[in-house]
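Visitor: Provided herewith: protein.csv, CSV, C-alpha atoms.
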chain,number,residue,atom,x,y,z
A,463,MET,CA,0.0,0.0,0.0
A,464,MET,CA,1.4,3.4,-1.0
A,465,THR,CA,1.7,6.1,1.7
A,466,ALA,CA,2.9,9.7,1.5
A,467,ASP,CA,6.5,8.6,2.1
A,468,ALA,CA,6.6,5.3,0.2
A,469,ALA,CA,5.7,4.1,-3.3
A,470,ASP,CA,6.6,1.3,-5.7
A,471,GLN,CA,8.3,3.8,-8.0
A,472,VAL,CA,8.8,7.6,-8.2
A,473,VAL,CA,8.8,9.2,-11.6
A,474,LEU,CA,10.4,12.6,-11.5
A,475,PHE,CA,9.6,14.7,-14.5
A,476,SER,CA,11.1,17.7,-16.3
A,477,GLY,CA,10.5,19.0,-19.8
A,478,HIS,CA,10.2,21.8,-22.2
A,479,MET,CA,7.4,24.4,-22.2
A,480,ILE,CA,5.4,24.9,-25.4
A,481,ASP,CA,7.3,27.3,-27.6
A,482,ALA,CA,6.2,30.9,-27.6
A,483,PRO,CA,5.1,31.9,-31.1
A,484,GLU,CA,8.1,34.3,-31.4
A,485,ARG,CA,10.7,31.6,-30.4
A,486,ALA,CA,13.5,31.8,-33.0
A,487,VAL,CA,14.6,28.1,-32.9
A,488,GLU,CA,11.8,25.5,-32.4
A,489,ARG,CA,12.2,23.2,-29.4
A,490,PHE,CA,8.6,22.1,-28.6
A,491,PRO,CA,6.2,23.8,-31.1
A,492,ALA,CA,2.5,23.4,-30.5
A,493,ARG,CA,2.2,21.0,-33.4
A,494,LEU,CA,4.2,18.4,-31.4
A,495,GLU,CA,1.8,18.4,-28.5
A,496,ALA,CA,-0.1,15.3,-29.4
A,497,GLY,CA,3.1,13.4,-30.2
A,498,VAL,CA,4.7,14.4,-26.9
A,499,ALA,CA,1.5,13.4,-25.0
A,500,ARG,CA,1.6,10.0,-26.7
A,501,ALA,CA,5.3,9.5,-26.0
A,502,ILE,CA,4.8,10.4,-22.3
A,503,ALA,CA,1.9,8.0,-22.1
A,504,ALA,CA,3.9,5.3,-23.7
A,505,GLU,CA,6.8,5.8,-21.3
A,506,LEU,CA,4.5,5.6,-18.3
A,507,ASP,CA,2.9,2.5,-19.6
A,508,ALA,CA,6.3,0.9,-20.3
A,509,LEU,CA,7.1,1.6,-16.6
A,510,GLY,CA,3.8,0.1,-15.5
A,511,ALA,CA,3.0,3.3,-13.7
A,512,GLY,CA,-0.2,3.2,-11.6
A,513,THR,CA,-1.8,3.6,-8.3
A,514,ASN,CA,1.3,2.5,-6.3
A,515,ASP,CA,3.5,5.2,-7.8
A,516,ILE,CA,4.2,8.8,-7.3
A,517,GLY,CA,4.8,11.5,-10.0
A,518,VAL,CA,6.8,14.6,-9.1
A,519,CYS,CA,6.8,17.5,-11.5
A,520,GLY,CA,6.2,21.2,-12.1
A,521,ALA,CA,3.2,22.6,-13.8
A,522,ALA,CA,4.3,24.8,-16.7
A,523,CYS,CA,2.4,24.9,-20.0
A,524,GLY,CA,3.7,22.1,-22.2
A,525,SER,CA,5.3,18.9,-21.2
A,526,ASP,CA,4.9,19.4,-17.4
A,527,LEU,CA,1.1,19.5,-17.7
A,528,LEU,CA,1.0,16.7,-20.2
A,529,PHE,CA,3.0,14.5,-17.8
A,530,ALA,CA,0.8,15.5,-14.9
A,531,SER,CA,-2.4,14.7,-16.9
A,532,ALA,CA,-1.0,11.3,-18.0
A,533,ALA,CA,0.0,10.5,-14.4
A,534,LEU,CA,-3.5,11.3,-13.1
A,535,ASP,CA,-5.0,9.2,-15.9
A,536,ARG,CA,-3.0,6.3,-14.4
A,537,ARG,CA,-4.1,7.2,-10.9
A,538,MET,CA,-0.6,7.9,-9.8
A,539,THR,CA,-0.2,10.1,-6.7
A,540,LEU,CA,0.8,13.5,-8.1
A,541,ARG,CA,3.0,16.1,-6.3
A,542,ILE,CA,3.4,19.5,-8.0
A,543,TYR,CA,6.2,21.9,-7.2
A,544,LEU,CA,6.0,25.6,-8.0
A,545,PRO,CA,9.1,27.9,-8.0
A,546,PHE,CA,7.0,31.0,-7.2
A,547,ASP,CA,3.7,32.0,-5.6
A,548,GLU,CA,0.8,30.7,-7.8
A,549,PRO,CA,-0.2,34.0,-9.5
A,550,THR,CA,3.4,34.7,-10.5
A,551,PHE,CA,3.8,31.2,-11.7
A,552,ILE,CA,0.7,31.2,-13.8
A,553,GLU,CA,1.7,34.6,-15.4
A,554,ARG,CA,5.3,33.5,-16.2
A,555,SER,CA,4.9,29.8,-16.9
A,556,VAL,CA,1.3,28.9,-17.8
A,557,ALA,CA,-0.6,31.9,-19.3
A,558,THR,CA,2.1,32.3,-22.0
A,559,GLY,CA,0.6,29.1,-23.6
A,560,GLY,CA,-2.9,30.5,-23.7
A,561,PRO,CA,-6.3,29.9,-21.9
A,562,ARG,CA,-6.4,26.2,-22.7
A,563,TRP,CA,-3.2,25.6,-20.7
A,564,ILE,CA,-4.5,27.7,-17.7
A,565,ALA,CA,-7.7,25.4,-17.7
A,566,LEU,CA,-5.5,22.3,-17.8
A,567,TYR,CA,-3.3,23.7,-15.0
A,568,ARG,CA,-6.4,24.3,-12.8
A,569,ARG,CA,-7.6,20.7,-13.4
A,570,VAL,CA,-4.2,19.2,-12.6
A,571,ILE,CA,-3.8,21.3,-9.4
A,572,GLU,CA,-7.2,20.4,-8.2
A,573,ALA,CA,-6.5,16.6,-8.7
A,574,ALA,CA,-2.9,16.6,-7.4
A,575,ALA,CA,-2.3,15.1,-4.0
A,576,GLU,CA,0.0,18.0,-3.1
A,577,CYS,CA,1.0,21.3,-4.5
A,578,VAL,CA,4.3,22.6,-2.9
A,579,LEU,CA,5.5,26.2,-3.1
A,580,ALA,CA,9.3,26.2,-3.0
A,581,GLU,CA,9.3,29.2,-0.7
A,582,ASP,CA,7.3,27.2,1.9
A,583,ARG,CA,10.0,24.5,2.0
A,584,CYS,CA,13.1,26.6,1.4
A,585,GLY,CA,12.2,30.1,2.6
A,586,PRO,CA,12.6,33.3,0.5
A,587,LEU,CA,15.0,33.3,-2.5
A,588,LYS,CA,18.5,34.3,-1.6
A,589,PRO,CA,20.2,37.1,-3.6
A,590,GLY,CA,21.4,35.6,-6.9
A,591,GLU,CA,19.5,32.3,-6.4
A,592,ASP,CA,17.6,31.0,-9.4
A,593,PRO,CA,14.0,30.0,-8.6
A,594,PHE,CA,13.9,27.3,-11.3
A,595,THR,CA,17.2,25.7,-10.2
A,596,ARG,CA,16.0,25.7,-6.6
A,597,ASN,CA,12.7,24.1,-7.6
A,598,ASN,CA,14.4,21.4,-9.6
A,599,LEU,CA,16.7,20.5,-6.7
A,600,LEU,CA,13.8,20.6,-4.2
A,601,MET,CA,11.9,18.1,-6.4
A,602,LEU,CA,14.9,15.8,-6.7
A,603,SER,CA,15.6,16.0,-3.0
A,604,GLU,CA,12.1,15.2,-2.0
A,605,ALA,CA,11.7,12.5,-4.6
A,606,GLN,CA,14.9,10.8,-3.2
A,607,MET,CA,13.4,10.9,0.3
A,608,ILE,CA,10.4,8.7,-0.8
A,609,ARG,CA,11.0,5.0,0.0
A,610,ALA,CA,10.6,3.4,-3.4
A,611,ARG,CA,11.9,0.5,-5.4
A,612,ALA,CA,13.0,2.9,-8.2
A,613,LEU,CA,13.4,6.6,-8.8
A,614,ARG,CA,13.5,7.6,-12.5
A,615,LEU,CA,13.7,10.9,-14.3
A,616,LEU,CA,11.4,11.1,-17.4
A,617,CYS,CA,12.1,14.1,-19.5
A,618,VAL,CA,11.0,15.8,-22.7
A,619,TRP,CA,14.3,17.3,-23.8
A,620,ASP,CA,16.1,18.3,-27.0
A,621,GLY,CA,19.5,17.4,-25.4
A,622,GLU,CA,20.7,21.0,-25.4
A,623,ARG,CA,21.4,23.5,-22.6
A,624,GLY,CA,18.3,25.5,-21.7
A,625,ASP,CA,17.5,29.1,-22.3
A,626,GLY,CA,18.6,29.8,-18.8
A,627,PRO,CA,19.5,28.1,-15.5
A,628,GLY,CA,17.1,25.6,-13.9
A,629,GLY,CA,15.9,23.9,-17.1
A,630,THR,CA,15.7,20.2,-18.0
A,631,TYR,CA,19.5,20.1,-18.8
A,632,ASP,CA,20.3,21.0,-15.2
A,633,LEU,CA,18.0,18.4,-13.7
A,634,VAL,CA,19.2,15.7,-16.0
A,635,LYS,CA,22.8,16.5,-15.0
A,636,ALA,CA,21.9,16.4,-11.3
A,637,VAL,CA,20.1,13.1,-11.6
A,638,ARG,CA,23.0,11.6,-13.6
A,639,ALA,CA,25.5,12.8,-11.0
A,640,ARG,CA,23.5,10.7,-8.5
A,641,HIS,CA,23.6,7.7,-10.9
A,642,GLY,CA,19.9,7.9,-11.4
A,643,GLU,CA,18.0,6.5,-14.4
A,644,VAL,CA,17.1,9.1,-17.1
A,645,ARG,CA,14.4,8.2,-19.7
A,646,ARG,CA,14.3,10.8,-22.5
A,647,ILE,CA,11.7,11.8,-25.1
A,648,ASP,CA,13.8,13.6,-27.7
A,649,THR,CA,11.9,16.6,-29.2
A,650,ARG,CA,14.5,16.8,-32.0
A,651,ALA,CA,13.6,13.3,-33.1
A,652,LEU,CA,9.9,14.2,-32.9
A,653,LEU,CA,10.6,17.3,-35.0
A,654,ARG,CA,12.4,15.3,-37.7
A,655,ALA,CA,9.6,12.7,-37.7
A,656,ALA,CA,7.1,15.6,-38.2
A,657,GLY,CA,9.1,16.8,-41.2
A,658,ALA,CA,10.4,19.9,-39.6
Let me see the structure of the file written as structure tokens.

Guide:
Amino acid sequence: MMTADAADQVVLFSGHMIDAPERAVERFPARLEAGVARAIAAELDALGAGTNDIGVCGAACGSDLLFASAALDRRMTLRIYLPFDEPTFIERSVATGGPRWIALYRRVIEAAAECVLAEDRCGPLKPGEDPFTRNNLLMLSEAQMIRARALRLLCVWDGERGDGPGGTYDLVKAVRARHGEVRRIDTRALLRAAGA
């Protein structure tokens, strides 16, 4: 039986946001949304993810919310981590995708077992501290504290450094430094398959 501090497996997630329309180089354009959603679902199915498992992720528009939705579809216990207070997070990381993503965000937050604000766990940001990096390390730290048979990072990632600190690249690096398993959905491969 899964408890708040134990699970069969923990699936930590990180991935790209949906590209803003003005993004110069495509990374996760909106036309890949269905393909990314299918790939996330296939990875979770390959892991046998279900009611005895915990999903740990953020909630930005794009792959975070696609993962959260897929985790809830499989009746996983979902823990969401936000780097800012909710209004700031929605403005910076959800509303940029449009009203549909805000609606999905609301549904995911309502169904999640827990929504953690990084400030509640870590206190106010220190001068020079990046909120996204701190949130990633908090998710990883708390995921590692859960007693589980396995901890895996599933990511939707083009394999490149991010636009700034605290992106998927940094979390992949942190997990690999701890000899953790990383399962990657490659957006570059999806773009090639889509004929981009």

Visitor: Using only C-alpha atoms, find the one residue out of A:Asp515, A:Asp592, A:Glu488, A:Glu495 that sits nearest to Gln471 (chain A).

Guide: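 Of A:Asp515, A:Asp592, A:Glu488, A:Glu495, the one nearest Gln471 (chain A) is A:Asp515, counting only C-alpha atoms.
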
Visitor: Between A:Leu653, A:Ala521, A:Met607, A:Leu616, which has the minimum distance to Ile502 (chain A) (counting all atoms listed in the file)?

Guide: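 Comparing A:Leu653, A:Ala521, A:Met607, A:Leu616 against Ile502 (chain A), the winner is A:Leu616.
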
Visitor: List as a list in words the protein and nucleic acid residues near region 565-578 of chain A, meaning an atom at most 7 Å away when all atoms listed in the file are counted, but skip any in the same chain fewer than 6 places from it.

Guide: Ala521, Leu527, Ala530, Ser531, Thr539, Leu540, Arg541, Ile542, Tyr543 and Leu544 of chain A

Visitor: Using Å and a single decimal, report how far CA of Arg485 (chain A) sits from CA of Thr558 (chain A).

Guide: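 Separating CA of Thr558 (chain A) from CA of Arg485 (chain A) is a distance of 12.0 Å.
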
Visitor: Using all atoms listed in the file, find the one residue out of A:Ala499, A:Ile647, A:Asp620, A:Lys635 that sits nearest to Val487 (chain A).

Guide: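 Distance minimum relative to Val487 (chain A) lands on A:Asp620.
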